[in-house]
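Enquirer: Provided herewith: coords.cif, mmCIF, N, CA and C atoms.
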```
data_my_file
#
loop_
_atom_site.label_atom_id
_atom_site.label_comp_id
_atom_site.auth_asym_id
_atom_site.auth_seq_id
_atom_site.Cartn_x
_atom_site.Cartn_y
_atom_site.Cartn_z
N GLN A 382 -26.60 4.33 2.91
CA GLN A 382 -25.96 5.33 3.75
C GLN A 382 -24.64 4.76 4.28
N VAL A 383 -23.57 5.49 4.10
CA VAL A 383 -22.27 5.00 4.51
C VAL A 383 -22.13 5.08 6.02
N GLN A 384 -21.53 4.06 6.59
CA GLN A 384 -21.24 4.04 8.03
C GLN A 384 -19.82 3.55 8.25
N LEU A 385 -19.11 4.22 9.15
CA LEU A 385 -17.77 3.81 9.55
C LEU A 385 -17.79 3.62 11.06
N VAL A 386 -17.37 2.45 11.51
CA VAL A 386 -17.39 2.14 12.92
C VAL A 386 -16.01 1.69 13.36
N GLU A 387 -15.40 2.52 14.22
CA GLU A 387 -14.08 2.20 14.75
C GLU A 387 -14.20 1.34 16.01
N SER A 388 -13.16 0.56 16.23
CA SER A 388 -13.07 -0.23 17.45
C SER A 388 -11.61 -0.49 17.77
N GLY A 389 -11.36 -0.93 19.00
CA GLY A 389 -10.02 -1.31 19.38
C GLY A 389 -9.28 -0.33 20.27
N GLY A 390 -9.87 0.82 20.52
CA GLY A 390 -9.22 1.77 21.40
C GLY A 390 -9.20 1.28 22.84
N GLY A 391 -8.47 2.01 23.67
CA GLY A 391 -8.41 1.64 25.08
C GLY A 391 -7.26 2.31 25.78
N LEU A 392 -6.96 1.79 26.95
CA LEU A 392 -5.88 2.31 27.79
C LEU A 392 -4.70 1.36 27.70
N VAL A 393 -3.52 1.93 27.47
CA VAL A 393 -2.32 1.13 27.36
C VAL A 393 -1.15 1.89 27.97
N GLN A 394 -0.18 1.16 28.46
CA GLN A 394 1.00 1.81 29.01
C GLN A 394 1.95 2.22 27.89
N ALA A 395 2.74 3.23 28.15
CA ALA A 395 3.74 3.67 27.19
C ALA A 395 4.63 2.49 26.79
N GLY A 396 4.91 2.42 25.49
CA GLY A 396 5.69 1.31 24.97
C GLY A 396 4.85 0.15 24.49
N GLY A 397 3.57 0.18 24.82
CA GLY A 397 2.67 -0.91 24.44
C GLY A 397 2.11 -0.73 23.04
N SER A 398 1.19 -1.63 22.68
CA SER A 398 0.61 -1.65 21.34
C SER A 398 -0.91 -1.73 21.41
N LEU A 399 -1.52 -1.21 20.38
CA LEU A 399 -2.96 -1.34 20.19
C LEU A 399 -3.22 -1.49 18.70
N SER A 400 -4.32 -2.16 18.37
CA SER A 400 -4.72 -2.29 16.98
C SER A 400 -6.14 -1.77 16.83
N LEU A 401 -6.31 -0.78 15.99
CA LEU A 401 -7.63 -0.21 15.71
C LEU A 401 -8.19 -0.81 14.44
N SER A 402 -9.50 -0.94 14.40
CA SER A 402 -10.20 -1.41 13.21
C SER A 402 -11.29 -0.42 12.85
N CYS A 403 -11.63 -0.37 11.58
CA CYS A 403 -12.72 0.49 11.12
C CYS A 403 -13.48 -0.29 10.06
N ALA A 404 -14.70 -0.66 10.39
CA ALA A 404 -15.55 -1.40 9.46
C ALA A 404 -16.45 -0.42 8.70
N VAL A 405 -16.53 -0.60 7.40
CA VAL A 405 -17.26 0.33 6.53
C VAL A 405 -18.41 -0.39 5.85
N THR A 406 -19.56 0.22 5.90
CA THR A 406 -20.72 -0.30 5.17
C THR A 406 -21.33 0.82 4.34
N GLY A 407 -22.10 0.43 3.32
CA GLY A 407 -22.80 1.40 2.51
C GLY A 407 -21.95 2.12 1.49
N ARG A 408 -20.79 1.54 1.19
CA ARG A 408 -19.88 2.18 0.24
C ARG A 408 -19.12 1.08 -0.47
N ALA A 409 -18.77 1.35 -1.74
CA ALA A 409 -17.90 0.42 -2.47
C ALA A 409 -16.50 0.56 -1.92
N PHE A 410 -16.25 -0.15 -0.82
CA PHE A 410 -15.05 0.07 -0.01
C PHE A 410 -13.77 0.00 -0.83
N SER A 411 -13.68 -0.98 -1.69
CA SER A 411 -12.43 -1.18 -2.41
C SER A 411 -12.15 -0.10 -3.44
N SER A 412 -13.09 0.80 -3.66
CA SER A 412 -12.88 1.88 -4.62
C SER A 412 -12.54 3.20 -3.94
N ALA A 413 -12.46 3.20 -2.61
CA ALA A 413 -12.20 4.43 -1.87
C ALA A 413 -10.87 4.34 -1.12
N ALA A 414 -10.21 5.48 -0.99
CA ALA A 414 -9.05 5.56 -0.12
C ALA A 414 -9.53 5.75 1.31
N MET A 415 -8.68 5.36 2.25
CA MET A 415 -9.05 5.44 3.67
C MET A 415 -7.96 6.14 4.45
N GLY A 416 -8.35 6.76 5.53
CA GLY A 416 -7.38 7.45 6.35
C GLY A 416 -7.71 7.35 7.82
N TRP A 417 -6.69 7.58 8.64
CA TRP A 417 -6.85 7.70 10.10
C TRP A 417 -6.39 9.09 10.51
N PHE A 418 -7.15 9.72 11.36
CA PHE A 418 -6.82 11.01 11.92
C PHE A 418 -7.01 10.93 13.43
N ARG A 419 -6.46 11.88 14.14
CA ARG A 419 -6.66 11.92 15.58
C ARG A 419 -6.80 13.36 16.04
N GLN A 420 -7.43 13.51 17.19
CA GLN A 420 -7.66 14.85 17.73
C GLN A 420 -7.71 14.79 19.24
N THR A 421 -7.11 15.79 19.87
CA THR A 421 -7.21 15.98 21.31
C THR A 421 -7.88 17.31 21.56
N PRO A 422 -8.52 17.47 22.70
CA PRO A 422 -9.24 18.72 22.99
C PRO A 422 -8.33 19.93 22.87
N GLY A 423 -8.82 20.93 22.16
CA GLY A 423 -8.08 22.17 22.04
C GLY A 423 -7.03 22.17 20.94
N LYS A 424 -6.89 21.03 20.26
CA LYS A 424 -5.91 20.94 19.18
C LYS A 424 -6.59 20.66 17.86
N GLU A 425 -5.90 20.98 16.79
CA GLU A 425 -6.44 20.69 15.47
C GLU A 425 -6.34 19.19 15.18
N ARG A 426 -7.23 18.75 14.31
CA ARG A 426 -7.19 17.36 13.86
C ARG A 426 -5.85 17.09 13.18
N GLU A 427 -5.28 15.95 13.46
CA GLU A 427 -3.96 15.61 12.94
C GLU A 427 -4.03 14.39 12.04
N PHE A 428 -3.39 14.46 10.91
CA PHE A 428 -3.29 13.32 10.00
C PHE A 428 -2.40 12.25 10.63
N VAL A 429 -2.85 11.00 10.58
CA VAL A 429 -2.07 9.89 11.11
C VAL A 429 -1.55 9.01 9.99
N ALA A 430 -2.46 8.53 9.14
CA ALA A 430 -2.05 7.62 8.07
C ALA A 430 -3.14 7.54 7.02
N SER A 431 -2.73 7.18 5.81
CA SER A 431 -3.71 6.96 4.74
C SER A 431 -3.26 5.80 3.87
N ILE A 432 -4.23 5.24 3.15
CA ILE A 432 -3.95 4.08 2.32
C ILE A 432 -4.81 4.16 1.06
N SER A 433 -4.20 3.84 -0.06
CA SER A 433 -4.92 3.87 -1.32
C SER A 433 -5.89 2.70 -1.42
N ARG A 434 -6.68 2.70 -2.44
CA ARG A 434 -7.78 1.75 -2.49
C ARG A 434 -7.34 0.29 -2.57
N THR A 435 -6.16 0.04 -3.14
CA THR A 435 -5.66 -1.34 -3.20
C THR A 435 -4.66 -1.63 -2.09
N GLY A 436 -4.25 -0.59 -1.38
CA GLY A 436 -3.24 -0.76 -0.34
C GLY A 436 -1.82 -0.58 -0.84
N ALA A 437 -1.67 -0.26 -2.14
CA ALA A 437 -0.33 -0.15 -2.70
C ALA A 437 0.40 1.09 -2.21
N PHE A 438 -0.35 2.11 -1.85
CA PHE A 438 0.25 3.37 -1.40
C PHE A 438 -0.20 3.67 0.03
N THR A 439 0.77 3.97 0.88
CA THR A 439 0.48 4.35 2.25
C THR A 439 1.31 5.56 2.62
N TYR A 440 0.76 6.40 3.48
CA TYR A 440 1.44 7.60 3.94
C TYR A 440 1.21 7.75 5.43
N TYR A 441 2.19 8.37 6.09
CA TYR A 441 2.13 8.51 7.54
C TYR A 441 2.51 9.91 7.97
N GLY A 442 1.89 10.34 9.07
CA GLY A 442 2.32 11.57 9.69
C GLY A 442 3.71 11.40 10.29
N ASP A 443 4.46 12.47 10.36
CA ASP A 443 5.83 12.39 10.84
C ASP A 443 5.92 11.83 12.26
N SER A 444 4.95 12.14 13.08
CA SER A 444 5.02 11.75 14.49
C SER A 444 4.78 10.25 14.70
N VAL A 445 4.27 9.55 13.68
CA VAL A 445 3.96 8.13 13.85
C VAL A 445 4.76 7.22 12.93
N LYS A 446 5.55 7.81 12.05
CA LYS A 446 6.34 7.00 11.11
C LYS A 446 7.24 6.03 11.85
N GLY A 447 7.25 4.80 11.38
CA GLY A 447 8.08 3.77 12.00
C GLY A 447 7.43 3.09 13.18
N ARG A 448 6.30 3.62 13.66
CA ARG A 448 5.63 3.02 14.82
C ARG A 448 4.23 2.50 14.46
N PHE A 449 3.56 3.19 13.54
CA PHE A 449 2.19 2.82 13.16
C PHE A 449 2.19 2.22 11.76
N THR A 450 1.26 1.31 11.53
CA THR A 450 1.09 0.71 10.21
C THR A 450 -0.39 0.66 9.84
N ILE A 451 -0.71 1.22 8.69
CA ILE A 451 -2.07 1.16 8.19
C ILE A 451 -2.17 0.02 7.17
N SER A 452 -3.30 -0.67 7.20
CA SER A 452 -3.55 -1.74 6.24
C SER A 452 -5.04 -1.84 6.00
N ARG A 453 -5.41 -2.63 5.02
CA ARG A 453 -6.83 -2.79 4.73
C ARG A 453 -7.08 -4.19 4.20
N ASP A 454 -8.29 -4.65 4.41
CA ASP A 454 -8.74 -5.93 3.89
C ASP A 454 -10.02 -5.65 3.10
N ASN A 455 -9.90 -5.61 1.79
CA ASN A 455 -11.05 -5.26 0.97
C ASN A 455 -12.11 -6.36 0.93
N THR A 456 -11.75 -7.57 1.37
CA THR A 456 -12.75 -8.63 1.44
C THR A 456 -13.62 -8.49 2.70
N LYS A 457 -13.12 -7.71 3.67
CA LYS A 457 -13.85 -7.51 4.92
C LYS A 457 -14.32 -6.07 5.08
N ASN A 458 -14.07 -5.24 4.07
CA ASN A 458 -14.47 -3.83 4.14
C ASN A 458 -13.96 -3.17 5.42
N THR A 459 -12.71 -3.43 5.74
CA THR A 459 -12.15 -2.96 7.00
C THR A 459 -10.75 -2.40 6.78
N VAL A 460 -10.48 -1.32 7.48
CA VAL A 460 -9.15 -0.73 7.51
C VAL A 460 -8.63 -0.82 8.93
N TYR A 461 -7.32 -1.01 9.06
CA TYR A 461 -6.69 -1.23 10.36
C TYR A 461 -5.60 -0.20 10.61
N LEU A 462 -5.31 0.00 11.88
CA LEU A 462 -4.16 0.81 12.27
C LEU A 462 -3.47 0.09 13.41
N GLN A 463 -2.31 -0.47 13.12
CA GLN A 463 -1.50 -1.11 14.14
C GLN A 463 -0.58 -0.06 14.74
N MET A 464 -0.66 0.09 16.05
CA MET A 464 0.10 1.13 16.74
C MET A 464 1.04 0.46 17.72
N ASN A 465 2.33 0.65 17.50
CA ASN A 465 3.35 0.07 18.37
C ASN A 465 4.15 1.18 19.05
N ASP A 466 4.83 0.80 20.11
CA ASP A 466 5.68 1.75 20.84
C ASP A 466 4.90 3.04 21.15
N LEU A 467 3.75 2.88 21.71
CA LEU A 467 2.89 4.03 21.97
C LEU A 467 3.49 4.95 23.01
N LYS A 468 3.22 6.24 22.83
CA LYS A 468 3.74 7.28 23.71
C LYS A 468 2.56 8.06 24.28
N PRO A 469 2.75 8.70 25.43
CA PRO A 469 1.64 9.49 26.00
C PRO A 469 1.09 10.53 25.02
N GLU A 470 1.94 11.07 24.18
CA GLU A 470 1.47 12.06 23.21
C GLU A 470 0.62 11.47 22.09
N ASP A 471 0.50 10.15 22.04
CA ASP A 471 -0.42 9.51 21.10
C ASP A 471 -1.85 9.48 21.63
N THR A 472 -2.03 9.88 22.87
CA THR A 472 -3.36 9.91 23.45
C THR A 472 -4.25 10.86 22.65
N ALA A 473 -5.38 10.35 22.19
CA ALA A 473 -6.28 11.14 21.35
C ALA A 473 -7.52 10.32 21.01
N LEU A 474 -8.48 10.98 20.42
CA LEU A 474 -9.62 10.31 19.81
C LEU A 474 -9.25 10.04 18.35
N TYR A 475 -9.28 8.78 17.97
CA TYR A 475 -8.86 8.38 16.64
C TYR A 475 -10.07 8.15 15.74
N TYR A 476 -10.03 8.77 14.58
CA TYR A 476 -11.12 8.66 13.62
C TYR A 476 -10.64 7.98 12.35
N CYS A 477 -11.47 7.14 11.77
CA CYS A 477 -11.19 6.69 10.42
C CYS A 477 -12.09 7.48 9.46
N ALA A 478 -11.65 7.57 8.23
CA ALA A 478 -12.36 8.37 7.24
C ALA A 478 -12.23 7.72 5.87
N SER A 479 -13.22 7.97 5.04
CA SER A 479 -13.25 7.43 3.69
C SER A 479 -13.39 8.55 2.68
N THR A 480 -12.67 8.41 1.58
CA THR A 480 -12.88 9.34 0.48
C THR A 480 -14.13 8.94 -0.30
N ARG A 481 -14.46 9.68 -1.30
CA ARG A 481 -15.52 9.28 -2.23
C ARG A 481 -15.09 7.99 -2.92
N GLU A 482 -16.02 7.37 -3.59
CA GLU A 482 -15.74 6.12 -4.29
C GLU A 482 -15.06 6.38 -5.64
N PHE A 483 -14.46 5.32 -6.17
CA PHE A 483 -13.91 5.30 -7.53
C PHE A 483 -12.83 6.35 -7.72
N VAL A 484 -11.93 6.40 -6.74
CA VAL A 484 -10.78 7.30 -6.86
C VAL A 484 -9.68 6.61 -7.65
N THR A 485 -8.68 7.40 -8.04
CA THR A 485 -7.57 6.84 -8.79
C THR A 485 -6.74 5.92 -7.90
N PRO A 486 -6.03 4.97 -8.48
CA PRO A 486 -5.33 3.95 -7.67
C PRO A 486 -4.29 4.50 -6.71
N ASN A 487 -3.69 5.64 -7.03
CA ASN A 487 -2.63 6.18 -6.17
C ASN A 487 -3.13 7.23 -5.19
N PHE A 488 -4.41 7.43 -5.10
CA PHE A 488 -4.99 8.49 -4.28
C PHE A 488 -5.05 8.04 -2.82
N ALA A 489 -4.38 8.76 -1.96
CA ALA A 489 -4.38 8.46 -0.52
C ALA A 489 -4.08 9.76 0.22
N PRO A 490 -5.04 10.67 0.25
CA PRO A 490 -4.79 12.03 0.70
C PRO A 490 -4.44 12.16 2.18
N LEU A 491 -3.67 13.20 2.44
CA LEU A 491 -3.22 13.50 3.80
C LEU A 491 -4.10 14.57 4.47
N TYR A 492 -5.00 15.18 3.72
CA TYR A 492 -5.77 16.28 4.25
C TYR A 492 -7.22 15.86 4.48
N GLY A 493 -7.77 16.31 5.58
CA GLY A 493 -9.10 15.88 5.99
C GLY A 493 -10.20 16.25 5.02
N SER A 494 -10.04 17.36 4.32
CA SER A 494 -11.10 17.82 3.42
C SER A 494 -11.31 16.88 2.24
N ALA A 495 -10.38 15.97 1.99
CA ALA A 495 -10.51 15.02 0.90
C ALA A 495 -11.43 13.86 1.26
N TYR A 496 -11.80 13.75 2.52
CA TYR A 496 -12.62 12.64 3.00
C TYR A 496 -14.05 13.12 3.20
N ASN A 497 -15.01 12.31 2.81
CA ASN A 497 -16.40 12.75 2.93
C ASN A 497 -17.24 11.86 3.84
N ALA A 498 -16.59 10.95 4.53
CA ALA A 498 -17.32 10.13 5.51
C ALA A 498 -16.39 9.84 6.67
N TRP A 499 -16.92 9.94 7.89
CA TRP A 499 -16.10 9.81 9.09
C TRP A 499 -16.82 8.92 10.10
N GLY A 500 -15.99 8.22 10.88
CA GLY A 500 -16.54 7.48 11.99
C GLY A 500 -16.72 8.36 13.21
N GLN A 501 -17.21 7.75 14.29
CA GLN A 501 -17.46 8.48 15.52
C GLN A 501 -16.21 8.60 16.38
N GLY A 502 -15.22 7.79 16.10
CA GLY A 502 -13.97 7.87 16.85
C GLY A 502 -13.87 6.81 17.93
N THR A 503 -12.62 6.45 18.24
CA THR A 503 -12.34 5.54 19.34
C THR A 503 -11.19 6.13 20.14
N GLN A 504 -11.34 6.12 21.46
CA GLN A 504 -10.37 6.79 22.33
C GLN A 504 -9.16 5.89 22.57
N VAL A 505 -8.00 6.48 22.44
CA VAL A 505 -6.74 5.81 22.79
C VAL A 505 -6.07 6.64 23.87
N THR A 506 -5.77 6.00 24.99
CA THR A 506 -5.11 6.67 26.09
C THR A 506 -3.84 5.91 26.44
N VAL A 507 -2.73 6.63 26.44
CA VAL A 507 -1.44 6.02 26.74
C VAL A 507 -0.91 6.62 28.04
N SER A 508 -0.69 5.77 29.02
CA SER A 508 -0.23 6.24 30.32
C SER A 508 1.27 6.00 30.46
N LEU A 509 1.85 6.76 31.38
CA LEU A 509 3.30 6.61 31.62
C LEU A 509 3.59 5.31 32.36
#
```
Here is a file; write its structure as structure tokens.
Expert:
Amino acid sequence: QVQLVESGGGLVQAGGSLSLSCAVTGRAFSSAAMGWFRQTPGKEREFVASISRTGAFTYYGDSVKGRFTISRDNTKNTVYLQMNDLKPEDTALYYCASTREFVTPNFAPLYGSAYNAWGQGTQVTVSL
């Protein structure tokens, strides 16, 4: 059974940084693409970043480009999201997600429906 467990969320002042981690078990991690999404109450889920199975391809939502970096360590079955220059509008519950296994090397989807496993989320709160 696949499990995704996020960690690293918390409270930070605007302009600060946080690093999120997502550990994956029960899946051939290196054969799946991974993504980060976020959601605030009353709003639709928003794409944050995605990464292909080898890490060669990465994509970012417009609101986080230049500030966030997604990476992965296939030896640790973990995907990361480094968040710099955080803004109050980055406040949200952040989820990591995994696609099915054995995807093509360039596959790193931006849409949530492409992912079939999700973590429980970790809260990020950015104060002024």
Enquirer: Take atom C of A:Tyr476 and atom C of A:Leu509 and report the distance between them in Å, one decimal.
Expert: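 Here the two named atoms are 24.7 Å from each other.
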Enquirer: Per residue of stretch 402-479 of chain A within 7 Å of stretch 483-492 of chain A, note the shortest atom pair and the distance in Å to one decimal, counting all atoms listed in the file, and order the rows by chain and increasing residue number, as a Markdown table.
Expert:
```
| residue | atom | partner | partner_atom | distance |
| --- | --- | --- | --- | --- |
| A:Ala409 | C | A:Phe483 | N | 6.7 |
| A:Ser411 | C | A:Phe483 | N | 6.5 |
| A:Ser412 | C | A:Phe483 | N | 3.6 |
| A:Ala413 | N | A:Phe483 | N | 4.6 |
| A:Ala414 | CA | A:Phe488 | C | 5.4 |
| A:Met415 | N | A:Ala489 | CA | 6.0 |
| A:Gly416 | CA | A:Pro490 | C | 6.9 |
| A:Phe428 | CA | A:Leu491 | C | 5.7 |
| A:Ala430 | C | A:Leu491 | CA | 6.8 |
| A:Ser431 | C | A:Ala489 | CA | 5.3 |
| A:Ile432 | C | A:Ala489 | CA | 4.6 |
| A:Ser433 | CA | A:Phe488 | C | 4.4 |
| A:Arg434 | N | A:Pro486 | C | 5.2 |
| A:Thr435 | N | A:Pro486 | C | 6.0 |
| A:Phe438 | CA | A:Asn487 | CA | 6.2 |
| A:Thr439 | CA | A:Ala489 | CA | 6.9 |
| A:Tyr440 | N | A:Ala489 | C | 6.7 |
```
Enquirer: Selection in question (the file shown): the PyMOL selection byres ((chain A and resi 504) around 8). Which residues does it include, as a PyMOL selection string?
Expert: chain A and resi 387-392+472-476+501-503+505-507
Enquirer: Take the residues just selected and output them with N, CA and C atoms as an mmCIF file, in the coordinates of the input.
Expert:
```
data_model
loop_
_atom_site.group_PDB
_atom_site.id
_atom_site.type_symbol
_atom_site.label_atom_id
_atom_site.label_comp_id
_atom_site.auth_asym_id
_atom_site.auth_seq_id
_atom_site.Cartn_x
_atom_site.Cartn_y
_atom_site.Cartn_z
ATOM 1 N N GLU A 387 -15.400 2.520 14.220
ATOM 2 C CA GLU A 387 -14.080 2.200 14.750
ATOM 3 C C GLU A 387 -14.200 1.340 16.010
ATOM 4 N N SER A 388 -13.160 0.560 16.230
ATOM 5 C CA SER A 388 -13.070 -0.230 17.450
ATOM 6 C C SER A 388 -11.610 -0.490 17.770
ATOM 7 N N GLY A 389 -11.360 -0.930 19.000
ATOM 8 C CA GLY A 389 -10.020 -1.310 19.380
ATOM 9 C C GLY A 389 -9.280 -0.330 20.270
ATOM 10 N N GLY A 390 -9.870 0.820 20.520
ATOM 11 C CA GLY A 390 -9.220 1.770 21.400
ATOM 12 C C GLY A 390 -9.200 1.280 22.840
ATOM 13 N N GLY A 391 -8.470 2.010 23.670
ATOM 14 C CA GLY A 391 -8.410 1.640 25.080
ATOM 15 C C GLY A 391 -7.260 2.310 25.780
ATOM 16 N N LEU A 392 -6.960 1.790 26.950
ATOM 17 C CA LEU A 392 -5.880 2.310 27.790
ATOM 18 C C LEU A 392 -4.700 1.360 27.700
ATOM 19 N N THR A 472 -2.030 9.880 22.870
ATOM 20 C CA THR A 472 -3.360 9.910 23.450
ATOM 21 C C THR A 472 -4.250 10.860 22.650
ATOM 22 N N ALA A 473 -5.380 10.350 22.190
ATOM 23 C CA ALA A 473 -6.280 11.140 21.350
ATOM 24 C C ALA A 473 -7.520 10.320 21.010
ATOM 25 N N LEU A 474 -8.480 10.980 20.420
ATOM 26 C CA LEU A 474 -9.620 10.310 19.810
ATOM 27 C C LEU A 474 -9.250 10.040 18.350
ATOM 28 N N TYR A 475 -9.280 8.780 17.970
ATOM 29 C CA TYR A 475 -8.860 8.380 16.640
ATOM 30 C C TYR A 475 -10.070 8.150 15.740
ATOM 31 N N TYR A 476 -10.030 8.770 14.580
ATOM 32 C CA TYR A 476 -11.120 8.660 13.620
ATOM 33 C C TYR A 476 -10.640 7.980 12.350
ATOM 34 N N GLN A 501 -17.210 7.750 14.290
ATOM 35 C CA GLN A 501 -17.460 8.480 15.520
ATOM 36 C C GLN A 501 -16.210 8.600 16.380
ATOM 37 N N GLY A 502 -15.220 7.790 16.100
ATOM 38 C CA GLY A 502 -13.970 7.870 16.850
ATOM 39 C C GLY A 502 -13.870 6.810 17.930
ATOM 40 N N THR A 503 -12.620 6.450 18.240
ATOM 41 C CA THR A 503 -12.340 5.540 19.340
ATOM 42 C C THR A 503 -11.190 6.130 20.140
ATOM 43 N N VAL A 505 -8.000 6.480 22.440
ATOM 44 C CA VAL A 505 -6.740 5.810 22.790
ATOM 45 C C VAL A 505 -6.070 6.640 23.870
ATOM 46 N N THR A 506 -5.770 6.000 24.990
ATOM 47 C CA THR A 506 -5.110 6.670 26.090
ATOM 48 C C THR A 506 -3.840 5.910 26.440
ATOM 49 N N VAL A 507 -2.730 6.630 26.440
ATOM 50 C CA VAL A 507 -1.440 6.020 26.740
ATOM 51 C C VAL A 507 -0.910 6.620 28.040
#
```
Enquirer: Just the number, please: distance in Å from atom C of A:Val383 to atom CA of A:Thr406, one decimal.
Expert: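 Between these atoms lies a distance of 5.6 Å.
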Enquirer: Could you jot down the atom N of A:Ala437 to atom N of A:Asp454 separation for me, Å, one decimal place?
Expert: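 Atom N of A:Asp454 lies at a distance of 10.3 Å from atom N of A:Ala437.
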Enquirer: Once DSSP has gone over the backbone, tell me which residues of chain A are in strand (DSSP E), as JSON, numbers by chain.
Expert: {"A": [384, 385, 386, 387, 388, 391, 392, 393, 394, 399, 400, 401, 402, 403, 404, 405, 406, 415, 416, 417, 418, 419, 420, 427, 428, 429, 430, 431, 432, 439, 440, 441, 449, 450, 451, 452, 453, 454, 459, 460, 461, 462, 463, 464, 473, 474, 475, 476, 477, 478, 479, 498, 499, 503, 504, 505, 506, 507, 508]}
Enquirer: Contacts of A:Cys403 at 7 Å or less, counting only N, CA and C atoms, minus same-chain residues fewer than 4 places along, as a list in words?
Expert: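 Selected residues are Leu385, Val386, Glu387, Ser388, Asn458, Thr459, Val460, Tyr461, Leu462 and Cys477 of chain A.
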Enquirer: I need the residue nearest A:Ala395 from this list: A:Pro469, A:Pro422, A:Gly447, A:Gly436. Use only C-alpha atoms for the distance.
Expert: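 Residue with the minimum atom-to-atom distance to A:Ala395: A:Pro469.
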Enquirer: Using all atoms listed in the file, determine which residues lie at most 5 Å from A:Met464, disregarding the query and same-chain residues fewer than 4 positions distant; provide the list as an mmCIF file with N, CA and C atoms, in the coordinates of the input.
Expert:
```cif
data_model
loop_
_atom_site.group_PDB
_atom_site.id
_atom_site.type_symbol
_atom_site.label_atom_id
_atom_site.label_comp_id
_atom_site.auth_asym_id
_atom_site.auth_seq_id
_atom_site.Cartn_x
_atom_site.Cartn_y
_atom_site.Cartn_z
ATOM 1 N N SER A 398 1.190 -1.630 22.680
ATOM 2 C CA SER A 398 0.610 -1.650 21.340
ATOM 3 C C SER A 398 -0.910 -1.730 21.410
ATOM 4 N N LEU A 399 -1.520 -1.210 20.380
ATOM 5 C CA LEU A 399 -2.960 -1.340 20.190
ATOM 6 C C LEU A 399 -3.220 -1.490 18.700
ATOM 7 N N SER A 400 -4.320 -2.160 18.370
ATOM 8 C CA SER A 400 -4.720 -2.290 16.980
ATOM 9 C C SER A 400 -6.140 -1.770 16.830
ATOM 10 N N ARG A 448 6.300 3.620 13.660
ATOM 11 C CA ARG A 448 5.630 3.020 14.820
ATOM 12 C C ARG A 448 4.230 2.500 14.460
ATOM 13 N N PHE A 449 3.560 3.190 13.540
ATOM 14 C CA PHE A 449 2.190 2.820 13.160
ATOM 15 C C PHE A 449 2.190 2.220 11.760
#
```
Enquirer: From the list A:Asn497, A:Thr480, A:Gln420, A:Asn465, which residue is nearest A:Gly396 when using only C-alpha atoms?
Expert: A:Asn465
Enquirer: May I have all residues of chain A that DSSP, computed from the backbone, assigns to helix (DSSP H, G or I), given as a PyMOL selection string?
Expert: chain A and resi 410-412+469-471+493-495
Enquirer: Will you model all heavy atoms for stretch 415-419 of chain A and pass it back as a compact mmCIF listing (two decimals), in the frame of the given file?
Expert:
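Saved as result.txt:
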```txt
# COMPACT_ATOMS: atom_id res chain seq x y z
N MET A 415 -8.68 5.36 2.25
CA MET A 415 -9.05 5.44 3.67
C MET A 415 -7.96 6.14 4.45
O MET A 415 -6.78 6.11 4.08
CB MET A 415 -9.25 4.03 4.24
CG MET A 415 -10.38 3.24 3.60
SD MET A 415 -12.00 3.96 3.91
CE MET A 415 -12.09 3.86 5.70
N GLY A 416 -8.35 6.76 5.53
CA GLY A 416 -7.38 7.45 6.35
C GLY A 416 -7.71 7.35 7.82
O GLY A 416 -8.84 7.04 8.20
N TRP A 417 -6.69 7.58 8.64
CA TRP A 417 -6.85 7.70 10.10
C TRP A 417 -6.39 9.09 10.51
O TRP A 417 -5.32 9.55 10.06
CB TRP A 417 -6.04 6.65 10.83
CG TRP A 417 -6.59 5.26 10.76
CD1 TRP A 417 -6.23 4.28 9.89
CD2 TRP A 417 -7.58 4.70 11.62
NE1 TRP A 417 -6.96 3.14 10.14
CE2 TRP A 417 -7.79 3.37 11.21
CE3 TRP A 417 -8.32 5.17 12.70
CZ2 TRP A 417 -8.70 2.51 11.83
CZ3 TRP A 417 -9.23 4.32 13.31
CH2 TRP A 417 -9.42 3.01 12.88
N PHE A 418 -7.15 9.72 11.36
CA PHE A 418 -6.82 11.01 11.92
C PHE A 418 -7.01 10.93 13.43
O PHE A 418 -7.66 10.02 13.94
CB PHE A 418 -7.74 12.10 11.33
CG PHE A 418 -7.52 12.35 9.87
CD1 PHE A 418 -8.05 11.50 8.91
CD2 PHE A 418 -6.79 13.44 9.45
CE1 PHE A 418 -7.84 11.71 7.56
CE2 PHE A 418 -6.58 13.69 8.09
CZ PHE A 418 -7.11 12.82 7.15
N ARG A 419 -6.46 11.88 14.14
CA ARG A 419 -6.66 11.92 15.58
C ARG A 419 -6.80 13.36 16.04
O ARG A 419 -6.35 14.30 15.36
CB ARG A 419 -5.50 11.23 16.31
CG ARG A 419 -4.16 11.92 16.18
CD ARG A 419 -3.07 11.04 16.80
NE ARG A 419 -1.77 11.70 16.77
CZ ARG A 419 -0.63 11.11 17.13
NH1 ARG A 419 -0.63 9.83 17.54
NH2 ARG A 419 0.51 11.78 17.09
```
